[in-house]
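A short worksheet on the structure shown next.
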Amino acid sequence: MTSETQDLGQDAGLPRLTVHLWSGLRRFAEGQDAVEVSASTTGTMIAALKAAYPALIPALDAGVSVAVDGRIIAASLDEPLDPENEIYLMQRLRGG
Amino acid sequence: MALDQRKTDFTQVGTRPNRPDGLDKVTGKARFGADVTAPGMLFGAILRSPHAHARIKHIDTSKAEALGDVKAIVTRADFSDAIQPAPGLEGEQWNVLENVMAGDTALYDGHAIAAVAATSALAARDALKLIEVEYEVLPHVTDVDKAMAKDAPVIREGAADYSVPEGMHPNVVRYHESGHGDVEAGFARADLVVEEHFVTEATHQGYIEPHACLAQLGQDGKGELWCCTQGHWYVQKNCAALLGIETSQLRVTASEIGGGFGGKTTVFIEPVALALSRKANRPVKLVMSRPEVFRATGPTASTSMDIKIGMTADGIITAAQGTFRLQGGAFPGAPADMTAMCAFAPYDLQNVQQIGYDVISNRPKQAAYRAPGSPMAAYAVESVIDELCRKLDLDPIEVRLKNAAREGTKASYGPKFERIGLVETLEAAKAHPHYSAPLKPGQGRGVSCGFWFNHGGETSVSLSLSEDGTCQISVGTPDIGGSRASMALMAAEVLGIPYESIRVTIADTATLGYNDVSHGSRVTYASGLATIKAAEDAVVKLSKRAAAKWGIPEDAVKWEDGHAVPSGPNAGNFDPIPLAEITRDMGQTGGPISGHFEATPEGAGVSFATHIVDAEVDPETGKTAVTRYTVIQDAGKAIHPTYVEGQFQGGAAQGIGWALNEEYIYGEDGRLQNAVFLDYRIPVASDLPMIDTVIVEVPNPGHPFGVRGVGETSICPPLAAIANAVSAAAGVRLHALPMSPPRILAALEQQRGTAD
């Protein structure tokens, strides 16, 4: 891992978060069902995921929702995140 | 949005006043999509492909153009597709243009090929007959399993995205897999494992009002559009992109809407009418015929599903596995992911896996239809649970209670649940007289649970007060289910003025900030939340005026029952001032008073329902009669209980049609065989029993009044509940929807043959 990717993935000023992936994403994240990135909001978390796991970029660009302690954040990038939160990536929700 | 001070004591919310738009709608005064006219307008008509799959080699419009009544003809060349995706559109939306007007290839029977604007509707239709199209007919496929087979014709090369693992047929365009635990270990612990295959046919949303619009677009790129839609800002964005104009130059006004159910969340004819108008330099009206609606607007996906569930002898589910194949027409976007995520969501499962395939075929692009994907998934899953209960001789509600998801349960799609009300619906079902009522011979009873996520979305609301103390509210979400009444009730609750003193208007795109579509059961939740916040904003301003009048600090005023009231030890002793007294003088005390709120609320909260159905099957004809139906659903908080009940009943009624009669029937030639209501049979009054309802209220922590969306969850359980009732009544389980009389007769005859 280069120092650049270490900086992106482990930003010293940001809390370290555990992000759970749906199982279809695991093949894009070295087989892991949860990954760690440094971020403080849903937006910075997604940016950190892209930096640390470029193979996830198509999935993230296609649109994801984020479940934070069970509350589903459909699209907002400014929701605050904390290491204590249970964080799950979900596919972007739609409705009828 | 954390809401730590949720209101629970109401004076107006929860009452049942008449809806403000009711009289206009039942007397024909309300203006729906086809009611709008403009001076000098032309009439549009669209030429559609007679082939399921064909290369368009040449289009000759010269003979049609020679007609004096014809003022414009457009083809794909008249749209902005220099860049794909079209500018301003992302992801799946890039397919919108291809669906609106075919490019090189007609992808389904009914695909738009060209359009005409003429001085009369008759002249426009006559002109279509003079347009010559040279087709090269290509092999087609309309069935989901056949479309995935190795030898299936490839419909669109390169349509698959990143998610599809290598080795799959190019018609598989999206793939989803989720779950947790070890399903094989779970199945090994079960006393009984049931594995079954199910299929469902595509159904149409069946709204009575066909798509209709009136477009006016100058060659300077400035235009207006009136249309029936669930989301006019979305229409504006799409049309502007497809016409290559600035969004701000196109003003879109939503008409009243005669039903949508998800089918009016995208554009079909609106960009075509605008393109015709630009070319003719006159307003153009386009109204779909019913066959056009069926052939070229979104039905649901059809499905092929495999479900495997293991259970202990005392009714604990040890593992569950589902494979969901969805055919969504010639474009990516079938809700395979949502189907998979909803499938097992009602249950607390240690071992669960769900896989979804989005498969393209030569059918019209599927569109959302109330909880897209969830009803089909529930049909398959809840049928297998019912089968397990029968074989293990267990009560179906007790089994569901034993396995029910609760607050803190790890959902089948990953995260834990917040406060949810599934158990409350099951307990209400168990206690309901319907569940213990005796059945007549030949009748059967079925139950099912259902789940939907619900949605928030971008929302803006503006509220202004008049000098006489009345109030106008501008919202951006078309009123499909009585939302004007709900908004008025919520504002009345906050302001403390009568419901009748509030007028709610659906604003156009030029007069309010962006609003997401009326979909995802989001309107009472999100527009309601925004209305409450806008009213609270106005209350702050009203209180300031009172404080200034009394000469006391602003925070020494509180708002009670429509009055400013001094509050706190140093506030002084003043008589309360009613709202109307403050607004009467507002021009002299600081100017007009209004309230605003704009946000993307993210606390929609998921919801659950439990349905109980009795059905009677005639063994001679195979006809099913639904004899009793009870819907029990968590509404969080019912703002206007009558309209909540209406949503419950509407979902059940549509579910009855989907379960028993409705289906898209395709011939060997890939053409739709039943494109009118005489042949596509939706329920009529005589097909329906009185549908009883029970509103459960487990407040949603993400809404100030506790609201959860109710529009979609109500259609999740019916397919399964009816299938389980039919199975009990007929003594044979069908594995395909609809359970039409011929299918039931065939199943009964096969059973008799097997018995012989």
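We name chains A, B, ... following the order of the structure tokens; residues begin at 1 in each chain, and ligands are numbered from 1 as shown.
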Proximity check chain A to chain B, 6 Å, nearest pairs one decimal Å, only C-alpha atoms, as a Markdown table:
| residue | atom | partner | partner_atom | distance |
| --- | --- | --- | --- | --- |
| A:Trp22 | CA | B:Ser178 | CA | 5.0 |
| A:Ser23 | CA | B:Ser178 | CA | 4.7 |
| A:Gly24 | CA | B:Glu177 | CA | 4.6 |
| A:Gly70 | CA | B:Lys416 | CA | 4.9 |
| A:Ile73 | CA | B:Glu602 | CA | 5.3 |
| A:Tyr88 | CA | B:Pro415 | CA | 6.0 |
| A:Gly95 | CA | B:Gly520 | CA | 3.7 |
| A:Gly96 | CA | B:Gly262 | CA | 3.8 |
(request) Find the spatial neighbours of Ala55 of chain A, counting only C-alpha atoms, within a cut-off of 6 Å - ignore same-chain residues fewer than 2 positions away - and output them as a list in words. (result)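 Answer for this query is Phe28, Tyr53 and Ile57 of chain A.
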Selection file, N, CA and C atoms, as a PDB file, in the first residue's frame:
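Output file out-v9.pdb is given in full below:
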ATOM      1  N   PHE A  28     -15.391  -7.022  -4.654  1.00  0.00           N
ATOM      2  CA  PHE A  28     -14.703  -5.780  -5.024  1.00  0.00           C
ATOM      3  C   PHE A  28     -13.887  -5.213  -3.850  1.00  0.00           C
ATOM      4  N   TYR A  53     -10.670   1.452  -1.936  1.00  0.00           N
ATOM      5  CA  TYR A  53     -11.095   0.277  -2.717  1.00  0.00           C
ATOM      6  C   TYR A  53     -11.640   0.737  -4.071  1.00  0.00           C
ATOM      7  N   ILE A  57     -15.795   1.629  -6.912  1.00  0.00           N
ATOM      8  CA  ILE A  57     -16.263   2.904  -7.486  1.00  0.00           C
ATOM      9  C   ILE A  57     -17.512   2.733  -8.354  1.00  0.00           C
TER      10      ILE A  57
END
Show which residues sit within 10 Å of Ala29 of chain A, as a CSV table (one decimal) with N, CA and C atoms, in the first residue's frame. Count only C-alpha atoms, and ignore same-chain residues fewer than 4 positions away.
chain,number,residue,atom,x,y,z
A,21,LEU,N,-20.6,-4.3,4.1
A,21,LEU,CA,-21.0,-4.4,2.7
A,21,LEU,C,-22.0,-5.4,2.4
A,25,LEU,N,-20.9,-7.1,-3.0
A,25,LEU,CA,-19.8,-6.1,-3.1
A,25,LEU,C,-18.5,-6.7,-2.6
A,33,ASP,N,-16.2,-8.7,4.3
A,33,ASP,CA,-17.7,-8.4,4.5
A,33,ASP,C,-17.8,-7.0,5.2
A,34,ALA,N,-16.7,-6.5,5.8
A,34,ALA,CA,-16.7,-5.2,6.4
A,34,ALA,C,-15.3,-4.6,6.2
A,35,VAL,N,-15.3,-3.3,5.9
A,35,VAL,CA,-14.0,-2.6,5.7
A,35,VAL,C,-13.9,-1.4,6.6
A,49,LEU,N,-14.0,5.3,0.8
A,49,LEU,CA,-14.2,3.9,0.3
A,49,LEU,C,-13.6,3.9,-1.1
A,52,ALA,N,-9.8,3.9,-1.0
A,52,ALA,CA,-9.2,2.7,-0.5
A,52,ALA,C,-9.5,1.5,-1.3
A,53,TYR,N,-10.7,1.5,-1.9
A,53,TYR,CA,-11.1,0.3,-2.7
A,53,TYR,C,-11.6,0.7,-4.1
A,54,PRO,N,-10.8,1.1,-5.0
A,54,PRO,CA,-11.2,1.6,-6.3
A,54,PRO,C,-12.2,0.7,-7.0
A,55,ALA,N,-12.1,-0.6,-6.7
A,55,ALA,CA,-13.0,-1.6,-7.4
A,55,ALA,C,-14.5,-1.3,-7.0
A,56,LEU,N,-14.6,-0.6,-5.9
A,56,LEU,CA,-16.0,-0.3,-5.5
A,56,LEU,C,-16.6,0.9,-6.2
(message) List the spatial neighbours of Thr610 of chain B as a PyMOL selection string - criterion: any atom at most 7 Å away, only C-alpha atoms, same-chain residues fewer than 2 positions off excluded.
(response) chain B and resi 425-426+429+448-450+612+631-633+717
Writing out the chosen residues with N, CA, C and O atoms as a tab-separated table (two decimals), in the first residue's frame:
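Written out: part13.tsv:
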chain	number	residue	atom	x	y	z
B	425	THR	N	-48.79	-5.64	14.49
B	425	THR	CA	-49.78	-6.01	13.46
B	425	THR	C	-50.15	-7.49	13.59
B	425	THR	O	-51.32	-7.86	13.40
B	426	LEU	N	-49.20	-8.32	13.92
B	426	LEU	CA	-49.48	-9.76	14.08
B	426	LEU	C	-50.39	-10.00	15.29
B	426	LEU	O	-51.33	-10.82	15.23
B	429	ALA	N	-53.79	-8.97	14.40
B	429	ALA	CA	-54.41	-9.96	13.50
B	429	ALA	C	-54.91	-11.17	14.30
B	429	ALA	O	-56.02	-11.67	14.07
B	448	SER	N	-50.60	-13.40	5.56
B	448	SER	CA	-49.27	-13.07	5.07
B	448	SER	C	-48.81	-11.77	5.70
B	448	SER	O	-49.62	-10.91	6.04
B	449	CYS	N	-47.49	-11.64	5.83
B	449	CYS	CA	-46.89	-10.37	6.23
B	449	CYS	C	-46.27	-9.72	5.00
B	449	CYS	O	-46.03	-10.38	3.99
B	450	GLY	N	-46.00	-8.44	5.09
B	450	GLY	CA	-45.34	-7.72	4.01
B	450	GLY	C	-44.51	-6.59	4.57
B	450	GLY	O	-44.77	-6.09	5.67
B	612	ILE	N	-55.26	-10.77	6.41
B	612	ILE	CA	-56.01	-12.02	6.57
B	612	ILE	C	-57.05	-12.08	5.44
B	612	ILE	O	-57.78	-11.11	5.23
B	631	VAL	N	-57.09	-5.93	6.46
B	631	VAL	CA	-55.74	-5.35	6.37
B	631	VAL	C	-55.37	-4.79	7.73
B	631	VAL	O	-56.12	-3.99	8.30
B	632	ILE	N	-54.21	-5.19	8.22
B	632	ILE	CA	-53.70	-4.63	9.48
B	632	ILE	C	-52.31	-4.08	9.18
B	632	ILE	O	-51.42	-4.83	8.76
B	633	GLN	N	-52.13	-2.79	9.35
B	633	GLN	CA	-50.86	-2.19	8.95
B	633	GLN	C	-50.45	-1.09	9.93
B	633	GLN	O	-51.29	-0.36	10.45
B	717	PRO	N	-48.51	-7.77	1.12
B	717	PRO	CA	-49.01	-9.10	1.53
B	717	PRO	C	-50.11	-9.73	0.68
B	717	PRO	O	-50.30	-10.94	0.77
(request) Using only C-alpha atoms, determine which residues lie at most 8 Å from Gln321 of chain B, disregarding the query and same-chain residues fewer than 5 positions distant; provide the list as a list in words. (result)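 Counting only the stated atoms, we get Val183, Ile307, Lys308, Ile309, Val352, Gln353 and Gln354 of chain B.
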With C-alpha atoms retained, could you export that selection as a PDB file, in the first residue's frame?
ATOM      1  CA  VAL B 183     -27.567 -21.144   5.208  1.00  0.00           C
ATOM      2  CA  ILE B 307     -37.431 -20.205  -2.291  1.00  0.00           C
ATOM      3  CA  LYS B 308     -35.966 -22.594   0.265  1.00  0.00           C
ATOM      4  CA  ILE B 309     -36.796 -22.331   3.982  1.00  0.00           C
ATOM      5  CA  VAL B 352     -30.284 -15.951   5.166  1.00  0.00           C
ATOM      6  CA  GLN B 353     -29.203 -15.409   1.574  1.00  0.00           C
ATOM      7  CA  GLN B 354     -30.984 -13.640  -1.264  1.00  0.00           C
TER       8      GLN B 354
END
(request) Rounded to one decimal place, report the atom CA of Ala114 of chain B-atom CA of Gln673 of chain B distance in Å. (result)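 So the two atoms, atom CA of Ala114 of chain B and atom CA of Gln673 of chain B, lie 22.7 Å apart.
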List the spatial neighbours of Asp60 of chain B as a compact mmCIF listing (two decimals) with all heavy atoms, in the first residue's frame - criterion: any atom at most 12 Å away, only C-alpha atoms, same-chain residues fewer than 4 positions off excluded.
# COMPACT_ATOMS: atom_id res chain seq x y z
N ILE B 56 -34.42 -0.88 -37.31
CA ILE B 56 -35.12 0.14 -38.12
C ILE B 56 -34.16 0.53 -39.24
O ILE B 56 -33.18 1.25 -39.02
CB ILE B 56 -35.51 1.35 -37.26
CG1 ILE B 56 -36.42 0.91 -36.11
CG2 ILE B 56 -36.22 2.41 -38.10
CD1 ILE B 56 -36.61 1.96 -35.04
N ALA B 64 -46.54 11.56 -45.34
CA ALA B 64 -47.28 12.16 -44.20
C ALA B 64 -47.06 13.67 -44.18
O ALA B 64 -47.99 14.45 -43.94
CB ALA B 64 -46.82 11.53 -42.89
N GLU B 65 -45.84 14.08 -44.43
CA GLU B 65 -45.53 15.51 -44.40
C GLU B 65 -46.31 16.28 -45.47
O GLU B 65 -46.58 17.47 -45.31
CB GLU B 65 -44.02 15.72 -44.63
CG GLU B 65 -43.18 15.42 -43.40
CD GLU B 65 -41.70 15.32 -43.71
OE1 GLU B 65 -41.31 15.55 -44.86
OE2 GLU B 65 -40.95 14.96 -42.79
N ALA B 66 -46.65 15.57 -46.55
CA ALA B 66 -47.35 16.23 -47.66
C ALA B 66 -48.80 16.57 -47.31
O ALA B 66 -49.43 17.38 -48.00
CB ALA B 66 -47.31 15.33 -48.89
N ILE B 73 -43.40 16.45 -37.82
CA ILE B 73 -43.13 15.03 -37.59
C ILE B 73 -41.77 14.94 -36.92
O ILE B 73 -40.82 15.61 -37.33
CB ILE B 73 -43.12 14.22 -38.91
CG1 ILE B 73 -44.51 14.28 -39.57
CG2 ILE B 73 -42.72 12.77 -38.66
CD1 ILE B 73 -44.60 13.56 -40.90
N VAL B 74 -41.67 14.14 -35.88
CA VAL B 74 -40.36 13.96 -35.23
C VAL B 74 -39.99 12.48 -35.17
O VAL B 74 -40.87 11.60 -35.12
CB VAL B 74 -40.34 14.55 -33.79
CG1 VAL B 74 -40.58 16.04 -33.82
CG2 VAL B 74 -41.33 13.85 -32.88
N THR B 75 -38.70 12.25 -35.23
CA THR B 75 -38.13 10.92 -35.00
C THR B 75 -37.00 11.09 -33.99
O THR B 75 -36.83 12.18 -33.43
CB THR B 75 -37.57 10.33 -36.31
OG1 THR B 75 -36.49 11.16 -36.75
CG2 THR B 75 -38.64 10.24 -37.39
N ILE B 113 -41.69 5.00 -32.63
CA ILE B 113 -40.80 5.09 -33.78
C ILE B 113 -40.78 6.51 -34.35
O ILE B 113 -39.73 7.01 -34.75
CB ILE B 113 -41.26 4.13 -34.90
CG1 ILE B 113 -41.39 2.70 -34.36
CG2 ILE B 113 -40.33 4.19 -36.11
CD1 ILE B 113 -40.08 2.06 -33.93
N ALA B 114 -41.94 7.15 -34.38
CA ALA B 114 -42.05 8.51 -34.91
C ALA B 114 -43.32 9.13 -34.35
O ALA B 114 -44.19 8.41 -33.82
CB ALA B 114 -42.10 8.50 -36.44
N ALA B 127 -52.19 10.40 -40.57
CA ALA B 127 -50.82 10.65 -41.04
C ALA B 127 -49.88 9.51 -40.65
O ALA B 127 -48.95 9.17 -41.39
CB ALA B 127 -50.32 11.98 -40.48
N LEU B 128 -50.13 8.93 -39.47
CA LEU B 128 -49.26 7.82 -39.02
C LEU B 128 -49.25 6.70 -40.06
O LEU B 128 -48.23 6.03 -40.27
CB LEU B 128 -49.74 7.26 -37.68
CG LEU B 128 -49.63 8.16 -36.45
CD1 LEU B 128 -50.02 7.37 -35.20
CD2 LEU B 128 -48.23 8.73 -36.28
N LYS B 129 -50.44 6.49 -40.70
CA LYS B 129 -50.55 5.39 -41.67
C LYS B 129 -49.70 5.63 -42.91
O LYS B 129 -49.42 4.71 -43.67
CB LYS B 129 -52.02 5.21 -42.06
CG LYS B 129 -52.91 4.79 -40.90
CD LYS B 129 -54.38 4.85 -41.29
CE LYS B 129 -55.28 4.68 -40.07
NZ LYS B 129 -56.66 5.10 -40.34
N LEU B 130 -49.30 6.89 -43.13
CA LEU B 130 -48.52 7.21 -44.33
C LEU B 130 -47.01 7.20 -44.06
O LEU B 130 -46.21 7.40 -44.97
CB LEU B 130 -48.94 8.59 -44.85
CG LEU B 130 -50.40 8.69 -45.33
CD1 LEU B 130 -50.72 10.12 -45.74
CD2 LEU B 130 -50.65 7.73 -46.48
N ILE B 131 -46.63 7.00 -42.82
CA ILE B 131 -45.20 6.91 -42.52
C ILE B 131 -44.74 5.49 -42.83
O ILE B 131 -45.31 4.52 -42.33
CB ILE B 131 -44.91 7.26 -41.04
CG1 ILE B 131 -45.32 8.71 -40.76
CG2 ILE B 131 -43.44 7.04 -40.70
CD1 ILE B 131 -45.17 9.13 -39.31
N GLU B 132 -43.71 5.39 -43.67
CA GLU B 132 -43.23 4.07 -44.08
C GLU B 132 -41.95 3.73 -43.32
O GLU B 132 -40.99 4.51 -43.34
CB GLU B 132 -42.98 4.06 -45.59
CG GLU B 132 -44.28 4.23 -46.39
CD GLU B 132 -44.03 4.45 -47.86
OE1 GLU B 132 -42.85 4.56 -48.27
OE2 GLU B 132 -45.02 4.56 -48.61
N VAL B 133 -41.98 2.59 -42.67
CA VAL B 133 -40.81 2.14 -41.90
C VAL B 133 -40.37 0.79 -42.45
O VAL B 133 -41.17 -0.13 -42.58
CB VAL B 133 -41.14 2.00 -40.39
CG1 VAL B 133 -39.87 1.67 -39.60
CG2 VAL B 133 -41.78 3.27 -39.85
N GLU B 134 -39.09 0.71 -42.77
CA GLU B 134 -38.54 -0.57 -43.23
C GLU B 134 -37.85 -1.24 -42.04
O GLU B 134 -36.89 -0.67 -41.47
CB GLU B 134 -37.54 -0.31 -44.35
CG GLU B 134 -37.06 -1.60 -45.01
CD GLU B 134 -36.02 -1.31 -46.10
OE1 GLU B 134 -35.86 -0.14 -46.49
OE2 GLU B 134 -35.37 -2.27 -46.51
N TYR B 135 -38.37 -2.39 -41.66
CA TYR B 135 -37.83 -3.11 -40.51
C TYR B 135 -37.08 -4.36 -40.95
O TYR B 135 -37.45 -5.00 -41.95
CB TYR B 135 -38.97 -3.60 -39.59
CG TYR B 135 -39.76 -2.53 -38.89
CD1 TYR B 135 -41.04 -2.18 -39.34
CD2 TYR B 135 -39.27 -1.90 -37.75
CE1 TYR B 135 -41.80 -1.23 -38.67
CE2 TYR B 135 -40.03 -0.95 -37.09
CZ TYR B 135 -41.29 -0.61 -37.55
OH TYR B 135 -42.03 0.33 -36.88
(message) Between atom CA of Leu17 of chain A and atom CA of Val37 of chain A, what is the distance in Å, rounded to a tenth?
(response)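 Atom CA of Val37 of chain A lies 5.4 Å from atom CA of Leu17 of chain A.
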(request) Name the residues in contact with Glu668 of chain B at a cut-off of 12 Å, using only C-alpha atoms, excluding same-chain residues fewer than 6 positions from it; report them as a list of chain:residue names. (result) B:His51, B:Ala52, B:Pro139, B:His140, B:Val141, B:Thr142, B:Asp143
